[in-house]
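A.B. asks: Input target.cif, format and content: mmCIF, C-alpha atoms.
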data_my_file
#
loop_
_atom_site.label_atom_id
_atom_site.label_comp_id
_atom_site.auth_asym_id
_atom_site.auth_seq_id
_atom_site.Cartn_x
_atom_site.Cartn_y
_atom_site.Cartn_z
CA MET V 1 39.91 25.16 49.63
CA THR V 2 38.55 28.19 47.91
CA ALA V 3 38.95 31.93 47.41
CA THR V 4 37.23 35.18 46.85
CA GLU V 5 39.37 37.92 45.26
CA PRO V 6 42.57 38.35 43.24
CA ALA V 7 45.86 37.97 45.12
CA ALA V 8 47.89 41.02 46.04
CA SER V 9 50.91 39.54 44.28
CA ASP V 10 49.15 39.24 40.93
CA ALA V 11 50.06 41.65 38.16
CA ILE V 12 48.16 44.92 38.41
CA ALA V 13 45.19 44.91 36.05
CA PRO V 14 44.92 47.63 33.40
CA VAL V 15 42.75 50.58 34.33
CA GLY V 16 39.10 49.91 33.63
CA THR V 17 39.37 46.12 33.81
CA SER V 18 38.12 43.80 36.52
CA PRO V 19 40.21 40.66 37.05
CA GLN V 20 38.27 37.44 37.48
CA PRO V 21 38.43 35.66 40.87
CA ALA V 22 40.44 32.46 41.12
CA PRO V 23 40.19 29.56 43.56
CA GLY V 24 43.23 30.69 45.55
CA ALA V 25 43.01 34.41 45.06
CA THR V 26 43.31 36.48 48.22
CA PRO V 27 42.42 40.03 49.21
CA PRO V 28 44.82 42.86 48.30
CA ARG V 29 47.59 43.74 50.77
CA THR V 30 47.30 40.52 52.77
CA PRO V 31 50.89 39.76 53.88
CA LEU V 32 52.24 36.40 52.79
CA VAL V 33 53.12 35.55 56.38
CA ALA V 34 49.47 36.02 57.36
CA ARG V 35 48.33 33.80 54.51
CA ALA V 36 50.86 31.12 55.47
CA ALA V 37 49.66 31.26 59.08
CA ALA V 38 46.04 30.94 57.92
CA GLU V 39 46.90 27.90 55.80
CA LEU V 40 48.86 26.27 58.64
CA VAL V 41 46.22 26.92 61.30
CA GLY V 42 43.33 26.06 58.97
CA THR V 43 44.84 22.76 57.88
CA ALA V 44 45.76 21.90 61.47
CA ALA V 45 42.20 22.60 62.61
CA LEU V 46 40.77 20.56 59.73
CA VAL V 47 42.90 17.52 60.57
CA ALA V 48 42.15 17.92 64.28
CA VAL V 49 38.45 17.83 63.43
CA VAL V 50 38.82 14.74 61.23
CA VAL V 51 41.05 12.79 63.62
CA GLY V 52 39.43 13.99 66.83
CA SER V 53 35.88 13.22 65.72
CA GLY V 54 37.06 9.81 64.56
CA ILE V 55 38.51 9.03 67.98
CA GLN V 56 35.42 10.32 69.72
CA ALA V 57 33.15 8.26 67.49
CA THR V 58 35.00 5.01 68.16
CA GLU V 59 34.85 5.67 71.91
CA LEU V 60 31.09 6.23 71.80
CA THR V 61 29.96 3.39 69.54
CA GLY V 62 31.17 0.19 67.94
CA ASP V 63 28.88 0.64 64.93
CA VAL V 64 31.15 1.51 61.98
CA ALA V 65 28.33 3.23 60.10
CA LEU V 66 27.65 5.52 63.05
CA GLN V 67 31.37 6.15 63.42
CA LEU V 68 31.61 7.29 59.82
CA LEU V 69 28.44 9.37 60.16
CA ALA V 70 29.85 11.17 63.21
CA ASN V 71 33.22 11.65 61.51
CA SER V 72 31.73 13.02 58.28
CA THR V 73 29.23 15.29 60.05
CA ALA V 74 31.93 16.90 62.19
CA THR V 75 34.11 17.36 59.10
CA VAL V 76 31.30 19.08 57.16
CA PHE V 77 30.64 21.61 59.91
CA GLY V 78 34.29 22.15 60.73
CA LEU V 79 35.36 22.63 57.12
CA GLY V 80 32.51 25.04 56.38
CA VAL V 81 33.43 27.21 59.36
CA LEU V 82 37.14 27.22 58.49
CA ILE V 83 36.50 28.24 54.87
CA ALA V 84 34.16 31.04 55.96
CA LEU V 85 36.66 32.28 58.56
CA LEU V 86 39.98 32.00 56.71
CA GLY V 87 38.89 32.28 53.07
CA PRO V 88 39.21 36.09 53.12
CA VAL V 89 42.81 35.76 54.36
CA SER V 90 44.45 32.98 52.33
CA GLY V 91 41.73 31.62 50.07
CA ALA V 92 41.31 28.69 52.51
CA HIS V 93 43.05 26.09 50.36
CA PHE V 94 44.16 23.77 53.21
CA ASN V 95 45.11 21.42 50.39
CA PRO V 96 48.25 21.22 48.18
CA ALA V 97 46.18 19.79 45.32
CA VAL V 98 44.08 22.97 45.25
CA THR V 99 47.16 25.19 45.54
CA LEU V 100 48.97 23.34 42.74
CA ALA V 101 45.89 23.47 40.52
CA GLU V 102 45.57 27.20 41.04
CA TRP V 103 49.28 27.77 40.40
CA TRP V 104 48.89 25.86 37.14
CA THR V 105 45.94 27.98 36.02
CA ALA V 106 47.86 31.15 36.97
CA ARG V 107 50.76 30.01 34.78
CA ARG V 108 48.32 29.84 31.89
CA GLY V 109 47.14 33.42 32.34
CA GLY V 110 44.65 33.18 35.18
CA ALA V 111 44.76 34.86 38.56
CA GLY V 112 46.19 32.97 41.48
CA VAL V 113 49.25 32.02 43.49
CA ASN V 114 52.72 32.39 42.01
CA ALA V 115 55.69 30.07 42.50
CA ARG V 116 56.87 31.85 45.65
CA GLU V 117 53.44 31.60 47.24
CA LEU V 118 53.17 27.97 46.20
CA ALA V 119 56.49 27.28 47.94
CA VAL V 120 55.09 28.82 51.14
CA TYR V 121 51.55 27.46 51.07
CA VAL V 122 52.34 23.76 50.57
CA PRO V 123 54.84 23.35 53.46
CA SER V 124 52.50 25.34 55.71
CA GLN V 125 49.66 22.97 54.87
CA ILE V 126 51.77 19.87 55.51
CA VAL V 127 53.15 21.15 58.82
CA GLY V 128 49.64 22.15 59.85
CA ALA V 129 48.25 18.72 59.00
CA ILE V 130 50.87 16.94 61.10
CA ALA V 131 50.32 19.36 63.98
CA GLY V 132 46.56 18.82 63.79
CA ALA V 133 46.90 15.04 64.05
CA ILE V 134 49.24 15.35 67.03
CA LEU V 135 46.88 17.83 68.70
CA ALA V 136 43.90 15.51 68.28
CA ASP V 137 45.85 12.58 69.72
CA ALA V 138 46.90 14.76 72.68
CA MET V 139 43.32 15.83 73.41
CA PHE V 140 42.15 12.22 73.61
CA GLY V 141 45.12 10.81 75.50
CA GLU V 142 46.49 8.88 72.53
CA PRO V 143 50.23 8.55 71.80
CA LEU V 144 51.24 11.85 70.25
CA VAL V 145 52.85 10.13 67.27
CA LYS V 146 52.04 6.54 66.41
CA TRP V 147 52.21 5.49 62.76
CA SER V 148 48.87 4.25 61.51
CA ALA V 149 48.48 0.55 60.75
CA HIS V 150 45.38 1.18 58.60
CA ASP V 151 46.34 -0.12 55.17
CA ARG V 152 44.57 1.66 52.31
CA SER V 153 46.49 0.34 49.32
CA ALA V 154 43.68 -1.47 47.46
CA GLY V 155 43.13 -0.38 43.87
CA ASN V 156 39.47 0.49 44.40
CA LEU V 157 40.46 2.91 47.17
CA LEU V 158 42.98 4.58 44.88
CA LEU V 159 40.29 5.01 42.24
CA GLY V 160 38.11 6.58 44.92
CA GLU V 161 40.81 9.19 45.55
CA VAL V 162 40.96 10.10 41.86
CA VAL V 163 37.19 10.58 41.79
CA ALA V 164 37.07 12.49 45.10
CA THR V 165 39.86 14.91 44.16
CA ALA V 166 38.63 15.45 40.60
CA GLY V 167 35.19 16.35 41.93
CA LEU V 168 36.63 18.74 44.49
CA ILE V 169 38.72 20.58 41.89
CA LEU V 170 35.80 20.69 39.48
CA LEU V 171 33.59 22.19 42.17
CA ILE V 172 36.03 24.86 43.38
CA PHE V 173 37.23 26.01 39.97
CA GLY V 174 33.75 25.72 38.51
CA LEU V 175 32.45 28.06 41.20
CA ALA V 176 35.30 30.44 40.37
CA ARG V 177 34.57 30.34 36.63
CA THR V 178 30.90 31.16 37.25
CA ASP V 179 31.55 33.86 39.87
CA ARG V 180 29.81 31.93 42.66
CA LEU V 181 32.64 31.47 45.15
CA ARG V 182 30.43 33.06 47.82
CA PHE V 183 28.80 29.63 48.06
CA ALA V 184 32.11 27.85 48.65
CA PRO V 185 31.82 27.30 52.45
CA ILE V 186 28.56 25.44 52.02
CA ALA V 187 29.31 23.82 48.65
CA VAL V 188 32.80 22.51 49.43
CA ALA V 189 31.87 21.26 52.89
CA SER V 190 28.76 19.57 51.51
CA TYR V 191 30.75 17.89 48.72
CA ILE V 192 33.33 16.51 51.15
CA GLY V 193 30.55 15.25 53.42
CA ALA V 194 28.89 13.47 50.52
CA ALA V 195 32.20 12.10 49.22
CA TYR V 196 32.84 10.46 52.61
CA TRP V 197 29.99 8.17 51.67
CA PHE V 198 30.01 7.80 47.89
CA THR V 199 33.75 7.16 47.45
CA SER V 200 35.42 3.94 48.52
CA SER V 201 38.34 5.84 50.10
CA THR V 202 36.11 8.12 52.24
CA SER V 203 37.51 11.07 50.31
CA PHE V 204 40.86 12.19 51.68
CA ALA V 205 41.27 14.27 48.46
CA ASN V 206 44.13 16.19 50.08
CA PRO V 207 47.87 15.36 50.12
CA ALA V 208 48.57 17.34 53.30
CA VAL V 209 45.70 15.72 55.20
CA THR V 210 46.86 12.33 53.94
CA ILE V 211 50.33 12.92 55.37
CA GLY V 212 48.93 14.18 58.66
CA ARG V 213 46.64 11.19 59.08
CA ALA V 214 49.62 8.82 58.81
CA PHE V 215 50.78 10.13 62.21
CA THR V 216 47.80 8.73 64.12
CA ASP V 217 46.89 5.07 64.62
CA THR V 218 43.21 5.81 65.08
CA PHE V 219 39.97 5.60 63.09
CA ALA V 220 41.03 8.25 60.55
CA GLY V 221 44.61 7.01 60.09
CA ILE V 222 46.36 5.76 56.99
CA ALA V 223 49.44 3.54 56.95
CA PRO V 224 52.58 5.41 55.83
CA ALA V 225 53.12 2.80 53.10
CA SER V 226 49.74 3.77 51.59
CA VAL V 227 50.47 7.51 51.55
CA PRO V 228 52.55 7.81 48.32
CA ALA V 229 49.95 6.05 46.17
CA PHE V 230 47.12 8.09 47.71
CA ILE V 231 48.95 11.34 46.98
CA GLY V 232 49.75 10.22 43.45
CA MET V 233 46.07 9.49 42.78
CA GLN V 234 45.05 12.82 44.28
CA LEU V 235 47.38 14.66 41.90
CA ILE V 236 45.97 12.68 38.99
CA GLY V 237 42.49 13.57 40.20
CA ALA V 238 43.43 17.25 40.34
CA ALA V 239 44.58 17.09 36.70
CA VAL V 240 41.35 15.35 35.71
CA GLY V 241 39.35 18.00 37.58
CA LEU V 242 41.10 20.84 35.76
CA ALA V 243 40.49 19.13 32.43
CA LEU V 244 36.79 18.84 33.27
CA VAL V 245 36.67 22.53 34.22
CA ALA V 246 38.24 23.46 30.88
CA VAL V 247 35.65 21.44 28.95
CA ILE V 248 32.50 22.09 30.99
CA PHE V 249 33.13 25.78 31.64
CA MET V 250 34.65 26.55 28.28
CA ARG V 251 34.47 30.24 27.54
CA GLY V 252 32.76 31.26 24.32
CA LYS V 253 34.10 33.74 21.80
CA THR V 254 32.80 37.06 20.58
CA ASP V 255 32.11 37.81 16.92
CA SER V 256 35.66 39.14 16.66
CA GLY V 257 37.04 35.78 17.71
CA GLN V 258 38.25 36.98 21.11
CA PRO V 259 37.37 35.00 24.28
CA ALA V 260 34.21 36.27 25.93
CA ALA V 261 34.60 38.05 29.26
#
Spit out the file's structure as structure tokens when you get a sec.

C.D. replies:
Amino acid sequence: MTATEPAASDAIAPVGTSPQPAPGATPPRTPLVARAAAELVGTAALVAVVVGSGIQATELTGDVALQLLANSTATVFGLGVLIALLGPVSGAHFNPAVTLAEWWTARRGGAGVNARELAVYVPSQIVGAIAGAILADAMFGEPLVKWSAHDRSAGNLLLGEVVATAGLILLIFGLARTDRLRFAPIAVASYIGAAYWFTSSTSFANPAVTIGRAFTDTFAGIAPASVPAFIGMQLIGAAVGLALVAVIFMRGKTDSGQPAA
């Protein structure tokens, strides 16, 4: 869900310049296959944490508040660890909305993933999410694939997804604009943990995770019929987040009229 350095595939910067980090930028010379593997494994692990902790919580208590607390706490710790571990390899997106947002900023002159990398990252994230849900079900003796019956089609939940995703994009790209991506493991994990509670949708904020969670009829599941609208709202939220980044972190200009570094 974040990054640290410019991608190896980016255009080589002129001598004497220092390219700015971008939310999906990756270290030089990291093979694309390694980045794809990191995105697949990271997204799988993230969904396994979300689904597995949800199953565990429902087995331990019937109190829905405690179930959500257990689920959100496990997600915070798991996500923070995954970003810290895999961020230096792939940028730790684990999220097509983040990858698409970074590709868009790269098209407009920023550093980040190109179209080829986008075409590799997104399928890797989706496959990983599905694998993570199946793995969690297997660990807890649930049917490996059972479509969720948890309807999440209400309008207020869709609004929650716009808010959750916009906030996530604002956070990640805002950290990149201010050269503070070193705080991403803590900041992103903390935001997702908070958004579990302050958004009506419990903050999926991730198209791949949304697809993966449709494969499990457990606490964290989402009915397949609810998936398209959730993803649509997440993409709208990503666009809103990028617009907020452009306004809030607007770069000033020098006396010559050129954008400030």

A.B. asks: Please write as a CSV table (one decimal) with C-alpha atoms, in the coordinates of the input the full residue list that the PyMOL selection byres ((chain V and resi 188) around 9) yields on this file.

C.D. replies:
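Heads up, here's the output in selection.csv:
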chain,number,residue,atom,x,y,z
V,1,MET,CA,39.9,25.2,49.6
V,2,THR,CA,38.6,28.2,47.9
V,76,VAL,CA,31.3,19.1,57.2
V,79,LEU,CA,35.4,22.6,57.1
V,80,GLY,CA,32.5,25.0,56.4
V,83,ILE,CA,36.5,28.2,54.9
V,168,LEU,CA,36.6,18.7,44.5
V,171,LEU,CA,33.6,22.2,42.2
V,172,ILE,CA,36.0,24.9,43.4
V,183,PHE,CA,28.8,29.6,48.1
V,184,ALA,CA,32.1,27.8,48.6
V,185,PRO,CA,31.8,27.3,52.4
V,186,ILE,CA,28.6,25.4,52.0
V,187,ALA,CA,29.3,23.8,48.6
V,189,ALA,CA,31.9,21.3,52.9
V,190,SER,CA,28.8,19.6,51.5
V,191,TYR,CA,30.8,17.9,48.7
V,192,ILE,CA,33.3,16.5,51.2
V,193,GLY,CA,30.6,15.2,53.4

A.B. asks: Could you build a table of the residues in region 184-222 of chain V lying no more than 7 Å from region 136-158 of chain V, giving for each the nearest pair of atoms and their separation in Å rounded to one decimal place, using only C-alpha atoms, ordered by chain and ascending residue number, as CSV?

C.D. replies:
residue,atom,partner,partner_atom,distance
V:Ser200,CA,V:Leu157,CA,5.3
V:Ser201,CA,V:Leu157,CA,4.7
V:Ala214,CA,V:Ser148,CA,5.4
V:Phe215,CA,V:Trp147,CA,4.9
V:Thr216,CA,V:Lys146,CA,5.3
V:Asp217,CA,V:Ser148,CA,3.8
V:Thr218,CA,V:Ser148,CA,6.9
V:Gly221,CA,V:Ser148,CA,5.3
V:Ile222,CA,V:His150,CA,5.0

A.B. asks: Can you write just those residues out, C-alpha atoms, as a PDB file, keeping the file's coordinate frame?

C.D. replies:
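Result went into out09.pdb, see below:
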ATOM      1  CA  SER V 200      35.420   3.940  48.520  1.00  0.00           C
ATOM      2  CA  SER V 201      38.340   5.840  50.100  1.00  0.00           C
ATOM      3  CA  ALA V 214      49.620   8.820  58.810  1.00  0.00           C
ATOM      4  CA  PHE V 215      50.780  10.130  62.210  1.00  0.00           C
ATOM      5  CA  THR V 216      47.800   8.730  64.120  1.00  0.00           C
ATOM      6  CA  ASP V 217      46.890   5.070  64.620  1.00  0.00           C
ATOM      7  CA  THR V 218      43.210   5.810  65.080  1.00  0.00           C
ATOM      8  CA  GLY V 221      44.610   7.010  60.090  1.00  0.00           C
ATOM      9  CA  ILE V 222      46.360   5.760  56.990  1.00  0.00           C
TER      10      ILE V 222
END

A.B. asks: Find the distance between CA of Pro96 (chain V) and CA of Ala243 (chain V) and write it in Å to one decimal.

C.D. replies: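 It comes out at 17.7 Å.
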
A.B. asks: Would you tabulate, counting all atoms listed in the file, all residues of region 92-206 of chain V that have an atom at most 12 Å from an atom of region 235-242 of chain V, showing the closest pair of atoms and their distance in Å to one decimal, sorted by chain then ascending number, as JSON lines?

C.D. replies:
{"residue": "V:Asn95", "atom": "CA", "partner": "V:Ala238", "partner_atom": "CA", "distance": 11.0}
{"residue": "V:Pro96", "atom": "CA", "partner": "V:Leu235", "partner_atom": "CA", "distance": 9.1}
{"residue": "V:Ala97", "atom": "CA", "partner": "V:Ala238", "partner_atom": "CA", "distance": 6.2}
{"residue": "V:Val98", "atom": "CA", "partner": "V:Ala238", "partner_atom": "CA", "distance": 7.6}
{"residue": "V:Thr99", "atom": "CA", "partner": "V:Ala238", "partner_atom": "CA", "distance": 10.2}
{"residue": "V:Leu100", "atom": "CA", "partner": "V:Ala238", "partner_atom": "CA", "distance": 8.6}
{"residue": "V:Ala101", "atom": "CA", "partner": "V:Ala238", "partner_atom": "CA", "distance": 6.7}
{"residue": "V:Glu102", "atom": "CA", "partner": "V:Leu242", "partner_atom": "CA", "distance": 9.4}
{"residue": "V:Trp103", "atom": "CA", "partner": "V:Leu242", "partner_atom": "CA", "distance": 11.7}
{"residue": "V:Trp104", "atom": "CA", "partner": "V:Leu242", "partner_atom": "CA", "distance": 9.4}
{"residue": "V:Thr105", "atom": "CA", "partner": "V:Leu242", "partner_atom": "CA", "distance": 8.6}
{"residue": "V:Leu158", "atom": "CA", "partner": "V:Gly237", "partner_atom": "CA", "distance": 10.1}
{"residue": "V:Leu159", "atom": "CA", "partner": "V:Gly237", "partner_atom": "CA", "distance": 9.1}
{"residue": "V:Gly160", "atom": "CA", "partner": "V:Gly237", "partner_atom": "CA", "distance": 9.5}
{"residue": "V:Glu161", "atom": "CA", "partner": "V:Gly237", "partner_atom": "CA", "distance": 7.1}
{"residue": "V:Val162", "atom": "CA", "partner": "V:Gly237", "partner_atom": "CA", "distance": 4.1}
{"residue": "V:Val163", "atom": "CA", "partner": "V:Gly237", "partner_atom": "CA", "distance": 6.3}
{"residue": "V:Ala164", "atom": "CA", "partner": "V:Gly237", "partner_atom": "CA", "distance": 7.4}
{"residue": "V:Thr165", "atom": "CA", "partner": "V:Gly237", "partner_atom": "CA", "distance": 4.9}
{"residue": "V:Ala166", "atom": "CA", "partner": "V:Gly241", "partner_atom": "CA", "distance": 4.0}
{"residue": "V:Gly167", "atom": "CA", "partner": "V:Gly241", "partner_atom": "CA", "distance": 6.2}
{"residue": "V:Leu168", "atom": "CA", "partner": "V:Gly241", "partner_atom": "CA", "distance": 7.5}
{"residue": "V:Ile169", "atom": "CA", "partner": "V:Gly241", "partner_atom": "CA", "distance": 5.1}
{"residue": "V:Leu170", "atom": "CA", "partner": "V:Gly241", "partner_atom": "CA", "distance": 4.8}
{"residue": "V:Leu171", "atom": "CA", "partner": "V:Gly241", "partner_atom": "CA", "distance": 8.5}
{"residue": "V:Ile172", "atom": "CA", "partner": "V:Gly241", "partner_atom": "CA", "distance": 9.6}
{"residue": "V:Phe173", "atom": "CA", "partner": "V:Leu242", "partner_atom": "CA", "distance": 7.7}
{"residue": "V:Gly174", "atom": "CA", "partner": "V:Leu242", "partner_atom": "CA", "distance": 9.2}
{"residue": "V:Arg177", "atom": "CA", "partner": "V:Leu242", "partner_atom": "CA", "distance": 11.6}
{"residue": "V:Ser203", "atom": "CA", "partner": "V:Gly237", "partner_atom": "CA", "distance": 11.5}
{"residue": "V:Phe204", "atom": "CA", "partner": "V:Gly237", "partner_atom": "CA", "distance": 11.7}
{"residue": "V:Ala205", "atom": "CA", "partner": "V:Gly237", "partner_atom": "CA", "distance": 8.4}
{"residue": "V:Asn206", "atom": "CA", "partner": "V:Leu235", "partner_atom": "CA", "distance": 8.9}

A.B. asks: Between CA of Arg182 (chain V) and CA of Gly78 (chain V), what is the distance in Å, rounded to a tenth?

C.D. replies: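 Here the two named atoms are 17.3 Å from each other.
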
A.B. asks: Pull the neighbourhood of (46.0, 17.9, 60.8) for me: all residues within 7 Å in file coordinates, counting only C-alpha atoms, as a VMD selection string.

C.D. replies: chain V and resid 43 to 48 128 to 133 209 212 to 213

A.B. asks: So that I can check the surroundings of Glu117 (chain V), please list as a list in words every protein, DNA and RNA residue that reaches within 10 Å of it, counting all atoms listed in the file and ignoring chain neighbours fewer than 6 positions away.

C.D. replies: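 Counting all atoms listed in the file, the residues come to Ser9, Leu32, Val33, Arg35, Ala36, Thr99 and Trp103 of chain V.
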
A.B. asks: For each of V:Phe94, V:Leu60, V:Ala74, V:Val50, take the minimum atom-to-atom distance to Val127 (chain V), counting all atoms listed in the file, then give the residue where this is smallest.

C.D. replies: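 Of all the options, V:Phe94 lies closest to Val127 (chain V).
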
A.B. asks: Rank nothing, just name the residue among V:Asn71, V:Gly42, V:Ala176, V:Ala220 nearest to Ala111 (chain V), using only C-alpha atoms.

C.D. replies: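 The answer is V:Ala176, which sits nearest to Ala111 (chain V).
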
A.B. asks: Would you kindly translate the PyMOL selection byres ((chain V and resi 56) around 10) into the concrete residues it picks from this file, as a PyMOL selection string?

C.D. replies: chain V and resi 51-55+57-61+67+70-71+140+219

A.B. asks: Report the distance between CA of Gly87 (chain V) and CA of Val41 (chain V) in Å, rounded to one decimal place.

C.D. replies: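 Taking CA of Gly87 (chain V) and CA of Val41 (chain V), their separation equals 12.3 Å.
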
A.B. asks: Out of V:Gly232, V:Gly112, V:Pro207, V:Pro88, which residue has the shortest atom-to-atom distance to Ile126 (chain V) when counting all atoms listed in the file?

C.D. replies: V:Pro207

A.B. asks: Taking all atoms of region 168-174 of chain V that the file lists, what box with edges along x, y and z, padded by 4 Å per side, do you get, with centre and edge lengths in Å to one decimal, as JSON?

C.D. replies:
{"center_x": 36.2, "center_y": 22.4, "center_z": 41.5, "size_x": 13.1, "size_y": 15.3, "size_z": 14.0}
